[in-house]
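Containing mmCIF, C-alpha atoms: entry_30.cif.
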data_input
loop_
_atom_site.label_atom_id
_atom_site.label_comp_id
_atom_site.auth_asym_id
_atom_site.auth_seq_id
_atom_site.Cartn_x
_atom_site.Cartn_y
_atom_site.Cartn_z
CA MET A 1 -28.60 -3.69 -21.92
CA ALA A 2 -26.59 -4.18 -18.79
CA ARG A 3 -23.92 -1.74 -17.81
CA GLY A 4 -20.36 -3.00 -17.74
CA ILE A 5 -17.70 -2.50 -15.14
CA HIS A 6 -14.58 -0.59 -15.93
CA LEU A 7 -11.86 -2.79 -14.46
CA ARG A 8 -8.39 -1.37 -14.02
CA ILE A 9 -5.45 -3.17 -12.48
CA PHE A 10 -2.39 -1.10 -11.68
CA THR A 11 0.88 -2.10 -10.15
CA PRO A 12 3.53 0.45 -9.13
CA GLY A 13 5.44 -0.31 -12.30
CA GLN A 14 2.71 -0.58 -14.88
CA LYS A 15 -0.87 -0.74 -15.98
CA VAL A 16 -1.72 -4.44 -16.17
CA LEU A 17 -5.29 -4.22 -17.33
CA ASP A 18 -7.81 -1.63 -18.43
CA ALA A 19 -10.95 -3.24 -19.77
CA GLU A 20 -14.74 -3.30 -19.75
CA VAL A 21 -15.98 -6.44 -18.02
CA ASP A 22 -19.30 -7.83 -16.79
CA ARG A 23 -18.37 -9.23 -13.42
CA VAL A 24 -15.35 -9.24 -11.12
CA GLU A 25 -14.43 -11.37 -8.13
CA VAL A 26 -11.89 -9.64 -5.93
CA PRO A 27 -9.83 -11.49 -3.32
CA ALA A 28 -10.30 -9.08 -0.44
CA LEU A 29 -8.56 -9.49 2.88
CA ASP A 30 -11.73 -10.66 4.62
CA GLY A 31 -12.92 -12.92 1.84
CA GLU A 32 -13.84 -12.83 -1.80
CA ILE A 33 -16.09 -10.03 -3.00
CA GLY A 34 -18.16 -10.39 -6.13
CA VAL A 35 -18.79 -7.12 -7.94
CA LEU A 36 -21.59 -6.56 -10.41
CA PRO A 37 -22.42 -3.22 -12.02
CA GLY A 38 -23.99 -0.80 -9.56
CA HIS A 39 -22.12 -2.07 -6.54
CA THR A 40 -21.88 0.16 -3.48
CA GLU A 41 -18.73 2.22 -3.25
CA LEU A 42 -16.14 0.39 -1.30
CA VAL A 43 -12.51 0.62 -0.33
CA SER A 44 -10.69 -2.30 1.14
CA LEU A 45 -7.46 -4.23 1.28
CA LEU A 46 -6.44 -7.13 -0.88
CA LYS A 47 -5.26 -10.48 0.32
CA PRO A 48 -1.47 -10.84 0.44
CA ALA A 49 -1.88 -13.54 -2.21
CA GLY A 50 -4.98 -14.09 -4.22
CA LEU A 51 -6.63 -14.77 -7.52
CA LEU A 52 -8.84 -12.21 -9.21
CA THR A 53 -11.42 -13.43 -11.69
CA TYR A 54 -13.34 -11.39 -14.19
CA HIS A 55 -15.94 -12.31 -16.73
CA VAL A 56 -16.57 -10.85 -20.14
CA GLY A 57 -19.61 -12.54 -21.64
CA GLU A 58 -18.97 -16.25 -21.44
CA THR A 59 -15.22 -16.03 -21.03
CA LYS A 60 -13.56 -16.06 -17.67
CA GLU A 61 -10.11 -14.61 -17.08
CA GLU A 62 -7.88 -14.94 -14.06
CA ILE A 63 -5.05 -12.80 -12.76
CA ALA A 64 -2.83 -13.57 -9.80
CA ILE A 65 -2.51 -10.52 -7.60
CA SER A 66 -0.78 -9.87 -4.34
CA ASP A 67 -1.02 -7.29 -1.62
CA GLY A 68 -2.46 -3.86 -1.99
CA PHE A 69 -5.91 -2.37 -1.96
CA PHE A 70 -8.88 -1.80 -4.20
CA GLU A 71 -11.64 0.68 -4.75
CA VAL A 72 -15.08 -0.12 -6.07
CA GLY A 73 -17.03 2.69 -7.67
CA PRO A 74 -20.59 2.60 -9.07
CA ASP A 75 -19.37 1.08 -12.32
CA SER A 76 -15.66 0.72 -11.86
CA VAL A 77 -13.19 -1.46 -10.02
CA LEU A 78 -9.72 -0.19 -9.38
CA ILE A 79 -7.12 -2.69 -8.18
CA MET A 80 -3.86 -1.37 -6.80
CA ALA A 81 -1.69 -4.41 -6.24
CA ASP A 82 2.01 -4.80 -5.58
CA GLU A 83 2.13 -7.48 -8.20
CA ALA A 84 -0.28 -8.74 -10.82
CA SER A 85 0.44 -11.43 -13.34
CA ARG A 86 -1.69 -12.81 -16.09
CA PRO A 87 -1.24 -16.51 -16.84
CA GLU A 88 0.67 -15.76 -20.04
CA ASP A 89 3.16 -13.61 -18.13
CA ILE A 90 4.11 -16.39 -15.75
CA ASP A 91 7.13 -18.50 -16.53
CA LEU A 92 6.10 -22.01 -15.54
CA ALA A 93 9.61 -23.22 -14.73
CA LYS A 94 10.31 -20.16 -12.60
CA ALA A 95 6.96 -20.47 -10.85
CA LEU A 96 7.69 -24.11 -10.01
CA GLU A 97 11.10 -23.16 -8.69
CA ALA A 98 9.59 -20.43 -6.51
CA LYS A 99 6.99 -22.88 -5.25
CA GLU A 100 9.58 -25.47 -4.28
CA LEU A 101 11.71 -22.85 -2.60
CA ALA A 102 8.74 -21.61 -0.60
CA GLU A 103 7.82 -25.18 0.36
CA GLN A 104 11.32 -25.80 1.65
CA LEU A 105 11.24 -22.59 3.63
CA VAL A 106 7.92 -23.46 5.25
CA GLY A 107 9.23 -26.96 6.03
CA LYS A 108 12.34 -25.55 7.66
CA SER A 109 10.41 -22.97 9.67
CA ASN A 110 9.48 -25.66 12.22
CA THR A 111 13.04 -25.99 13.33
CA ASP A 112 14.59 -22.68 12.31
CA SER A 113 13.18 -19.85 14.35
CA SER A 114 14.87 -17.18 12.22
CA ILE A 115 12.28 -17.77 9.48
CA ASP A 116 9.15 -15.67 9.58
CA VAL A 117 6.48 -18.37 9.33
CA THR A 118 3.63 -16.09 8.29
CA ARG A 119 5.69 -14.58 5.53
CA ALA A 120 6.89 -17.97 4.36
CA LEU A 121 3.31 -19.19 4.20
CA VAL A 122 2.20 -16.15 2.23
CA ASP A 123 5.11 -16.67 -0.16
CA LEU A 124 4.10 -20.27 -0.58
CA GLU A 125 0.50 -19.41 -1.27
CA ARG A 126 1.52 -16.77 -3.79
CA ALA A 127 3.83 -19.21 -5.52
CA MET A 128 1.16 -21.88 -5.61
CA ILE A 129 -1.43 -19.55 -7.05
CA ALA A 130 0.96 -18.41 -9.75
CA TYR A 131 2.03 -21.95 -10.54
CA ASN A 132 -1.48 -23.36 -10.69
CA LEU A 133 -2.69 -20.47 -12.80
CA ALA A 134 0.13 -20.88 -15.30
CA ASN A 135 -0.30 -24.64 -15.31
CA ARG A 136 -4.03 -24.48 -15.94
CA SER A 137 -3.68 -22.07 -18.82
CA ARG A 138 -1.28 -24.45 -20.58
CA HIS A 139 -3.91 -27.18 -20.85
CA MET B 1 56.48 22.52 -33.90
CA ALA B 2 55.40 19.02 -32.94
CA ASN B 3 56.59 16.31 -35.23
CA LEU B 4 54.37 14.37 -37.55
CA GLN B 5 54.57 11.16 -35.60
CA ASP B 6 53.28 12.79 -32.40
CA ILE B 7 50.36 14.44 -34.13
CA ARG B 8 49.35 11.16 -35.78
CA ARG B 9 49.45 9.46 -32.41
CA ARG B 10 47.26 12.13 -30.86
CA ILE B 11 44.72 11.91 -33.66
CA ARG B 12 44.51 8.18 -33.12
CA SER B 13 43.94 8.51 -29.39
CA VAL B 14 41.30 11.20 -29.81
CA ARG B 15 39.55 9.03 -32.37
CA ASN B 16 39.52 6.14 -29.89
CA MET B 17 38.00 8.40 -27.28
CA GLN B 18 35.39 9.54 -29.74
CA GLN B 19 34.44 5.93 -30.43
CA ILE B 20 33.97 5.33 -26.74
CA THR B 21 31.86 8.44 -26.20
CA LYS B 22 29.76 7.55 -29.24
CA ALA B 23 29.17 4.07 -27.88
CA MET B 24 28.27 5.47 -24.46
CA LYS B 25 25.85 7.86 -26.08
CA MET B 26 24.14 5.00 -27.87
CA VAL B 27 23.92 2.92 -24.71
CA ALA B 28 22.54 5.89 -22.77
CA ALA B 29 19.96 6.48 -25.48
CA ALA B 30 18.75 2.88 -25.21
CA TYR B 31 18.56 3.07 -21.41
CA LEU B 32 16.89 6.45 -21.63
CA LYS B 33 14.10 5.07 -23.78
CA ARG B 34 13.51 2.27 -21.33
CA SER B 35 13.59 4.43 -18.23
CA GLN B 36 11.38 7.05 -19.87
CA ASP B 37 8.83 4.34 -20.60
CA ARG B 38 8.98 3.24 -17.00
CA VAL B 39 8.38 6.76 -15.72
CA ILE B 40 5.28 6.94 -17.89
CA ALA B 41 4.11 3.43 -17.00
CA ALA B 42 4.31 4.20 -13.28
CA ARG B 43 2.10 7.27 -13.50
CA PRO B 44 -1.36 5.66 -13.52
CA TYR B 45 -0.66 3.88 -10.23
CA ALA B 46 0.69 7.00 -8.57
CA GLN B 47 -2.27 9.07 -9.73
CA ALA B 48 -4.84 6.48 -8.72
CA MET B 49 -3.15 6.18 -5.34
CA MET B 50 -3.35 9.92 -4.89
CA ARG B 51 -7.04 9.98 -5.85
CA VAL B 52 -8.08 7.19 -3.51
CA LEU B 53 -6.05 8.64 -0.66
CA SER B 54 -7.47 12.11 -1.06
CA ARG B 55 -10.99 10.69 -1.10
CA LEU B 56 -10.25 8.70 2.00
CA ALA B 57 -8.65 11.70 3.66
CA ALA B 58 -11.77 13.73 3.03
CA ARG B 59 -13.85 11.05 4.71
CA ALA B 60 -11.56 9.97 7.49
CA GLY B 61 -12.19 13.25 9.28
CA ASP B 62 -10.02 14.06 12.25
CA TYR B 63 -7.60 11.26 11.81
CA HIS B 64 -4.16 10.88 13.30
CA HIS B 65 -1.26 8.86 12.04
CA PRO B 66 2.48 9.13 12.82
CA LEU B 67 3.25 9.71 9.15
CA LEU B 68 0.62 12.42 8.88
CA ASP B 69 0.85 14.48 12.05
CA PRO B 70 2.99 17.61 11.82
CA ARG B 71 5.98 17.72 14.14
CA GLY B 72 8.41 20.45 15.15
CA ASP B 73 10.86 22.20 12.88
CA GLN B 74 14.26 21.42 14.35
CA HIS B 75 15.58 18.16 13.05
CA TYR B 76 15.64 17.33 9.35
CA LEU B 77 16.50 14.21 7.44
CA LEU B 78 17.61 14.69 3.86
CA ILE B 79 17.54 11.89 1.31
CA LEU B 80 19.84 12.60 -1.61
CA ILE B 81 19.47 10.65 -4.82
CA THR B 82 22.46 10.75 -7.16
CA GLY B 83 23.92 8.41 -9.74
CA ASP B 84 26.48 5.70 -9.06
CA LYS B 85 28.61 6.70 -12.02
CA GLY B 86 29.96 9.87 -13.51
CA LEU B 87 30.28 10.85 -17.17
CA CYS B 88 26.81 12.29 -17.25
CA GLY B 89 27.43 16.00 -17.49
CA ALA B 90 26.25 18.16 -14.63
CA PHE B 91 23.70 15.61 -13.36
CA ASN B 92 25.38 14.64 -10.09
CA THR B 93 26.80 18.12 -9.52
CA ASN B 94 23.39 19.72 -9.79
CA LEU B 95 21.89 17.32 -7.27
CA ILE B 96 24.77 17.74 -4.85
CA LYS B 97 24.54 21.52 -5.23
CA ALA B 98 20.84 21.41 -4.46
CA ALA B 99 21.58 19.36 -1.34
CA GLN B 100 24.33 21.77 -0.29
CA LYS B 101 22.03 24.71 -0.78
CA PHE B 102 19.40 23.01 1.33
CA ILE B 103 21.94 22.35 4.06
CA ARG B 104 23.12 25.98 3.94
CA ASP B 105 19.58 27.33 4.01
CA ASN B 106 18.79 25.24 7.07
CA SER B 107 22.06 25.66 8.88
CA GLY B 108 20.24 26.36 12.14
CA LYS B 109 18.60 22.93 12.14
CA ARG B 110 19.97 19.58 13.06
CA LEU B 111 20.44 17.67 9.83
CA GLU B 112 21.05 14.11 8.89
CA LEU B 113 21.72 12.57 5.54
CA VAL B 114 20.68 9.43 3.73
CA THR B 115 22.29 8.90 0.36
CA ILE B 116 21.16 6.81 -2.57
CA GLY B 117 23.95 6.48 -5.15
CA ARG B 118 27.73 6.56 -4.86
CA LYS B 119 28.39 10.10 -6.08
CA GLY B 120 26.49 11.89 -3.36
CA ARG B 121 27.80 9.57 -0.70
CA ASP B 122 31.43 10.09 -1.72
CA PHE B 123 31.02 13.85 -1.91
CA PHE B 124 29.58 14.28 1.56
CA ARG B 125 31.78 11.65 3.10
CA ARG B 126 34.87 13.52 1.91
CA ARG B 127 33.51 16.63 3.57
CA GLY B 128 33.01 14.84 6.85
CA ILE B 129 29.25 15.13 6.90
CA PRO B 130 27.81 12.13 8.75
CA ILE B 131 25.68 9.83 6.63
CA LEU B 132 23.01 7.96 8.51
CA LYS B 133 22.35 5.40 5.84
CA GLU B 134 23.61 4.80 2.35
CA TYR B 135 22.35 2.81 -0.58
CA THR B 136 24.21 2.06 -3.77
CA ASP B 137 23.43 0.26 -7.02
CA VAL B 138 19.76 1.09 -6.72
CA GLY B 139 19.31 2.49 -10.20
CA THR B 140 22.05 0.76 -12.14
CA ARG B 141 20.00 -2.18 -13.30
CA GLY B 142 16.71 -0.35 -13.41
CA VAL B 143 14.82 0.57 -10.27
CA SER B 144 12.65 -2.14 -8.80
CA TYR B 145 9.61 -1.21 -6.78
CA GLY B 146 10.67 -3.69 -4.13
CA ARG B 147 13.96 -1.91 -3.59
CA ALA B 148 12.34 1.51 -3.53
CA ALA B 149 9.76 0.31 -1.03
CA GLN B 150 12.47 -1.22 1.13
CA ILE B 151 14.33 2.09 1.29
CA ALA B 152 11.09 3.95 1.99
CA ARG B 153 10.18 1.53 4.81
CA GLU B 154 13.60 1.89 6.40
CA VAL B 155 13.30 5.67 6.34
CA MET B 156 9.78 5.48 7.77
CA ASP B 157 11.02 3.18 10.53
CA ILE B 158 13.69 5.70 11.45
CA TYR B 159 11.09 8.45 11.39
CA THR B 160 8.45 6.69 13.45
CA GLN B 161 10.56 4.92 16.07
CA ASP B 162 9.91 6.17 19.59
CA GLU B 163 13.25 7.83 20.26
CA SER B 164 13.28 9.55 16.86
CA THR B 165 13.51 13.33 17.04
CA ILE B 166 13.30 13.83 13.28
CA ASP B 167 10.68 16.39 12.43
CA ARG B 168 10.74 16.37 8.66
CA VAL B 169 12.10 14.26 5.86
CA PHE B 170 13.04 15.79 2.53
CA ILE B 171 14.14 14.16 -0.68
CA VAL B 172 16.42 15.65 -3.32
CA TYR B 173 16.02 14.10 -6.74
CA SER B 174 16.10 15.02 -10.38
CA GLU B 175 12.82 15.75 -12.01
CA PHE B 176 12.69 14.43 -15.54
CA LYS B 177 11.12 17.04 -17.77
CA SER B 178 12.62 16.09 -21.09
CA VAL B 179 15.85 14.69 -22.46
CA LEU B 180 17.34 18.16 -22.48
CA SER B 181 15.87 19.46 -19.29
CA GLN B 182 16.27 17.94 -15.88
CA LYS B 183 15.88 19.85 -12.71
CA ALA B 184 17.09 19.07 -9.20
CA VAL B 185 14.16 19.45 -6.83
CA VAL B 186 13.71 19.24 -3.09
CA LYS B 187 10.45 17.77 -1.92
CA ARG B 188 9.04 17.05 1.49
CA LEU B 189 8.40 13.38 1.99
CA LEU B 190 7.33 13.26 5.64
CA PRO B 191 5.12 14.10 7.31
CA VAL B 192 2.68 13.58 4.50
CA GLY B 193 0.94 16.92 4.19
CA ALA B 194 -2.80 16.84 4.68
CA GLU B 195 -3.07 19.72 2.20
CA GLU B 196 -1.12 17.66 -0.33
CA LEU B 197 -3.65 14.85 -0.04
CA ALA B 198 -6.59 17.18 -0.15
CA ALA B 199 -5.24 18.70 -3.36
CA GLY B 200 -5.59 15.34 -5.07
CA PRO B 201 -3.85 14.38 -8.29
CA ALA B 202 -2.02 17.30 -9.83
CA SER B 203 -2.95 16.56 -13.42
CA GLY B 204 -6.24 17.39 -15.04
CA ALA B 205 -9.16 19.37 -13.77
CA PRO B 206 -10.47 18.26 -10.39
CA GLU B 207 -13.46 16.02 -10.83
CA PRO B 208 -16.48 17.30 -9.05
CA GLU B 209 -16.41 15.19 -5.91
CA VAL B 210 -19.62 13.88 -4.54
CA LEU B 211 -19.03 12.76 -1.01
CA VAL B 212 -20.74 9.43 -1.10
CA ASP B 213 -19.71 7.46 1.91
CA TYR B 214 -17.73 4.39 1.16
CA LEU B 215 -18.62 1.07 2.55
CA TYR B 216 -15.69 0.00 4.66
CA GLU B 217 -14.71 -3.53 5.38
CA GLN B 218 -12.12 -2.35 7.84
CA PRO B 219 -12.34 0.84 9.87
CA PRO B 220 -11.46 3.81 7.61
CA GLY B 221 -8.59 4.71 9.89
CA GLU B 222 -7.06 1.29 9.46
CA ILE B 223 -7.27 1.40 5.69
CA PHE B 224 -5.87 4.91 5.65
CA GLY B 225 -3.04 3.81 7.91
CA ARG B 226 -2.24 0.92 5.61
CA LEU B 227 -2.27 3.10 2.52
CA LEU B 228 -0.11 5.93 3.83
CA PRO B 229 3.15 3.93 3.88
CA ARG B 230 2.32 2.73 0.39
CA TYR B 231 1.90 6.29 -0.70
CA VAL B 232 5.36 7.12 0.63
CA ASP B 233 6.76 4.05 -1.17
CA THR B 234 5.31 5.31 -4.41
CA GLN B 235 6.81 8.74 -3.87
CA VAL B 236 10.28 7.29 -3.37
CA PHE B 237 9.78 4.97 -6.32
CA SER B 238 8.80 7.73 -8.69
CA ALA B 239 11.64 9.98 -7.46
CA LEU B 240 14.03 7.13 -8.26
CA LEU B 241 12.50 6.46 -11.66
CA GLU B 242 12.68 10.12 -12.61
CA SER B 243 16.26 10.42 -11.41
CA VAL B 244 17.36 7.39 -13.39
CA ALA B 245 15.73 8.73 -16.54
CA SER B 246 17.35 12.13 -15.93
CA GLU B 247 20.74 10.53 -15.46
CA GLN B 248 20.49 8.71 -18.76
CA GLY B 249 19.24 11.83 -20.53
CA SER B 250 22.06 13.85 -19.06
CA ARG B 251 24.61 11.20 -20.00
CA MET B 252 23.31 11.05 -23.53
CA THR B 253 23.64 14.83 -24.04
CA ALA B 254 27.04 14.90 -22.37
CA MET B 255 28.36 12.07 -24.51
CA ASP B 256 26.89 13.64 -27.62
CA SER B 257 28.76 16.88 -27.05
CA ALA B 258 31.88 14.97 -26.07
CA SER B 259 31.75 13.16 -29.42
CA LYS B 260 31.27 16.48 -31.23
CA ASN B 261 34.18 18.05 -29.37
CA ALA B 262 36.37 15.08 -30.18
CA GLY B 263 35.43 15.58 -33.85
CA GLU B 264 36.55 19.20 -33.65
CA VAL B 265 39.82 18.27 -32.02
CA ILE B 266 40.43 15.69 -34.74
CA ASN B 267 39.82 18.31 -37.44
CA ASP B 268 42.20 20.77 -35.81
CA LEU B 269 44.86 18.14 -35.41
CA THR B 270 44.47 16.94 -38.98
CA LEU B 271 44.86 20.49 -40.25
CA ASN B 272 47.89 20.92 -38.08
CA MET B 273 49.31 17.63 -39.29
CA ASN B 274 48.90 18.62 -42.93
CA ARG B 275 50.60 21.93 -42.27
CA VAL B 276 53.52 20.23 -40.60
CA ARG B 277 53.78 17.74 -43.44
CA GLN B 278 53.64 20.51 -46.01
CA ALA B 279 56.28 22.46 -44.14
CA SER B 280 58.61 19.50 -44.06
CA ILE B 281 58.11 18.84 -47.77
CA THR B 282 58.86 22.50 -48.53
CA ARG B 283 61.93 22.32 -46.37
CA GLU B 284 63.16 19.25 -48.16
CA ILE B 285 62.67 20.90 -51.55
CA ILE B 286 64.58 23.95 -50.38
CA GLU B 287 67.36 21.70 -49.16
CA VAL B 288 67.55 19.87 -52.49
CA VAL B 289 67.40 23.08 -54.51
CA SER B 290 69.96 24.90 -52.41
CA GLY B 291 72.17 21.79 -52.49
CA ALA B 292 72.00 21.79 -56.30
CA GLN B 293 72.72 25.52 -56.40
CA ALA B 294 75.76 25.04 -54.20
CA LEU B 295 77.17 22.55 -56.74
CA ASP B 296 76.88 25.02 -59.63
#
Please rewrite the model in this file as structure tokens.
Amino acid sequence: MARGIHLRIFTPGQKVLDAEVDRVEVPALDGEIGVLPGHTELVSLLKPAGLLTYHVGETKEEIAISDGFFEVGPDSVLIMADEASRPEDIDLAKALEAKELAEQLVGKSNTDSSIDVTRALVDLERAMIAYNLANRSRH
Amino acid sequence: MANLQDIRRRIRSVRNMQQITKAMKMVAAAYLKRSQDRVIAARPYAQAMMRVLSRLAARAGDYHHPLLDPRGDQHYLLILITGDKGLCGAFNTNLIKAAQKFIRDNSGKRLELVTIGRKGRDFFRRRGIPILKEYTDVGTRGVSYGRAAQIAREVMDIYTQDESTIDRVFIVYSEFKSVLSQKAVVKRLLPVGAEELAAGPASGAPEPEVLVDYLYEQPPGEIFGRLLPRYVDTQVFSALLESVASEQGSRMTAMDSASKNAGEVINDLTLNMNRVRQASITREIIEVVSGAQALD
């Protein structure tokens, strides 16, 4: 019988998830890291905008997370993100609005030098991840 | 003796006041519940942050960071958290008193002030104490982490900029112990004490630490440096959450006793009113009787 992984996702405001899972894919800053039970201990940073996937048996769950860090223990994964939203927590209309706003901002950044392009791109990616995640879960 | 009309009018106005204080008590109770929940919900993150940081600190060895390295002891920055509104008992007064005491105790040092909340700002502004930065309406609609982090980053920028001479940063806030007990506390925010990190999370027995070396994707120093500002953010955030919960708790108790006092005043006035009414009835009877006697 395989050991599980104790996955915890915390944001400054709340505990988003605390569950036993079989496998986790973490969007780390330098690329995705797949974690199975017995992984080496690891501390690293999260991508400013990313999608975390975890598997329990045959089911696969996704959570949009942004910015922060994570710690992998022998049989635990601790995610400390600024924001984490499950698909059911995302308001599709709001996500679409945020996406369009971010798109406009990125479009304008070519001509308007007051806009921080990197930040605008991160915002866009975050908005797209949230929107796609919410959209997928509706179907 | 006051006339009947006046007493009736006073009873009415006290009753109106009592209705308002009762309503405010109810509103405060609802907010209190919410802000209490938020204080509790924010704990796991803060504790986990503390644990990871202390583990990293133990492994990072002789590591230097502007937020970590001790400085002199001459120039202090004080962050004062108060409410934006009054009518919450001694809440704001206690915080302001704690700040004043701190200023008195460190009168030899150069001191600067950052205020969060109107009450503290107004108090020190009236006394001509310069305020470096002020924030208002932070807690009124519930504290957001984003706002707390923004304040924390601005303070850290002031602290770390090249020409800064600030040696230490302290924060005065209200610790939320229970609805009935809140305490104004002064805590050092910067530099982050190495001993504080080494101590690890305050709650629970220390887990026996086995120093297994982590695998680092980035150099440990870099990770540590990225986490330290976050740690400070969390500290400011939790100070704000606790203060907001304290404010609501304090307001609820204050409004509760205000409603009770109003009830007492109403009882006294009603008694008084009945006496006056009785006296005037007696007087009228005497007048009638003596009038009748005069006719005989």
Please determine an axis-aligned box that encloses all atoms of region 77-92 of chain A listed in the file, with 3 Å added on each side, and express its centre and edge lengths in Å to one decimal as AutoDock Vina command-line options.
--center_x -3.0 --center_y -11.1 --center_z -12.8 --size_x 26.3 --size_y 27.8 --size_z 20.5
Straight-line distance linking CA of Ala23 (chain B) with CA of Gly13 (chain A), stated in Å to one decimal:
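Interatomic distance here is 28.7 Å.
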Return as a PDB file with C-alpha atoms, in the coordinates of the input the set of residues that the PyMOL selection byres ((chain A) within 8 of (chain B)) yields on the displayed structure.
ATOM      1  CA  PHE A  10      -2.390  -1.100 -11.680  1.00  0.00           C
ATOM      2  CA  THR A  11       0.880  -2.100 -10.150  1.00  0.00           C
ATOM      3  CA  PRO A  12       3.530   0.450  -9.130  1.00  0.00           C
ATOM      4  CA  GLY A  13       5.440  -0.310 -12.300  1.00  0.00           C
ATOM      5  CA  GLN A  14       2.710  -0.580 -14.880  1.00  0.00           C
ATOM      6  CA  LYS A  15      -0.870  -0.740 -15.980  1.00  0.00           C
ATOM      7  CA  ASP A  30     -11.730 -10.660   4.620  1.00  0.00           C
ATOM      8  CA  THR A  40     -21.880   0.160  -3.480  1.00  0.00           C
ATOM      9  CA  GLU A  41     -18.730   2.220  -3.250  1.00  0.00           C
ATOM     10  CA  LEU A  42     -16.140   0.390  -1.300  1.00  0.00           C
ATOM     11  CA  VAL A  43     -12.510   0.620  -0.330  1.00  0.00           C
ATOM     12  CA  SER A  44     -10.690  -2.300   1.140  1.00  0.00           C
ATOM     13  CA  LEU A  45      -7.460  -4.230   1.280  1.00  0.00           C
ATOM     14  CA  PHE A  69      -5.910  -2.370  -1.960  1.00  0.00           C
ATOM     15  CA  GLU A  71     -11.640   0.680  -4.750  1.00  0.00           C
ATOM     16  CA  MET A  80      -3.860  -1.370  -6.800  1.00  0.00           C
TER      17      MET A  80
END
Residues within 8 Å of Lys133 (chain B), only C-alpha atoms, excluding chain neighbours under 3 positions, as number ranges by chain
B: 113-115
Residues matched by the PyMOL selection byres ((chain B and resi 156) around 10) as JSON, numbers by chain:
{"B": [66, 67, 150, 151, 152, 153, 154, 155, 157, 158, 159, 160, 161, 169, 189, 190, 191, 229, 232, 233]}
Expand the PyMOL selection byres ((chain B and resi 31) around 10) into the individual residues it matches in the shown file, reporting them as a ChimeraX atom specification.
/B:25-30,32-37,141-142,244-245,247-249,252
Thr93 (chain B): which residues within 10 Å, counting only C-alpha atoms, same-chain residues fewer than 3 positions away excluded, as a PyMOL selection string?
chain B and resi 82+86+88-90+96-99+119-120+123+184
Please report the interatomic distance between CA of Ser164 (chain B) and CA of Glu112 (chain B) in Å with one decimal.
12.0 Å
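The interatomic distance for the pair CA of Arg121 (chain B) and CA of Asp162 (chain B) works out to 27.3 Å.
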Using only C-alpha atoms for the distances, tell me which of B:Gly108, B:Ala239, B:Leu68, B:Arg126 is nearest to Ala148 (chain B).
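Result for the nearest residue to Ala148 (chain B): B:Ala239.
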Which residue gives the smallest distance to Val77 (chain A) among A:Asp123, A:Asn135, A:Ile115, A:Leu36, with all atoms listed in the file counted?
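Result for the nearest residue to Val77 (chain A): A:Leu36.
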Using all atoms listed in the file, which residue out of B:Lys260, B:Arg12, B:Lys187, B:Lys177 lies closest to Ser246 (chain B)?
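Checking each candidate against Ser246 (chain B), we get B:Lys177 as the closest.
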Tell me which protein, DNA and RNA residues are within 10 Å of Ala98 (chain A), counting all atoms listed in the file, leaving out same-chain ones fewer than 3 positions away, and put them as a PDB file with C-alpha atoms, in the coordinates of the input.
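Below is the file that was written, around.pdb:
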ATOM      1  CA  LEU A  92       6.100 -22.010 -15.540  1.00  0.00           C
ATOM      2  CA  ALA A  93       9.610 -23.220 -14.730  1.00  0.00           C
ATOM      3  CA  LYS A  94      10.310 -20.160 -12.600  1.00  0.00           C
ATOM      4  CA  ALA A  95       6.960 -20.470 -10.850  1.00  0.00           C
ATOM      5  CA  LEU A 101      11.710 -22.850  -2.600  1.00  0.00           C
ATOM      6  CA  ALA A 102       8.740 -21.610  -0.600  1.00  0.00           C
ATOM      7  CA  GLU A 103       7.820 -25.180   0.360  1.00  0.00           C
ATOM      8  CA  GLN A 104      11.320 -25.800   1.650  1.00  0.00           C
ATOM      9  CA  ASP A 123       5.110 -16.670  -0.160  1.00  0.00           C
ATOM     10  CA  LEU A 124       4.100 -20.270  -0.580  1.00  0.00           C
ATOM     11  CA  ARG A 126       1.520 -16.770  -3.790  1.00  0.00           C
ATOM     12  CA  ALA A 127       3.830 -19.210  -5.520  1.00  0.00           C
ATOM     13  CA  MET A 128       1.160 -21.880  -5.610  1.00  0.00           C
ATOM     14  CA  ALA A 130       0.960 -18.410  -9.750  1.00  0.00           C
ATOM     15  CA  TYR A 131       2.030 -21.950 -10.540  1.00  0.00           C
TER      16      TYR A 131
END
Go through A:Asp112, A:Glu88, A:Glu32, A:Asp82 and flag the residue nearest Ile63 (chain A), using all atoms listed in the file for the distances.
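Nearest candidate to Ile63 (chain A) out of A:Asp112, A:Glu88, A:Glu32, A:Asp82: A:Glu88.
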Which residue out of A:Ala120, A:Ser113, A:Leu133, A:Asp75 has the minimum interatomic distance to Leu96 (chain A) when only C-alpha atoms are used?
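Ranking A:Ala120, A:Ser113, A:Leu133, A:Asp75 by distance to Leu96 (chain A), first place goes to A:Leu133.
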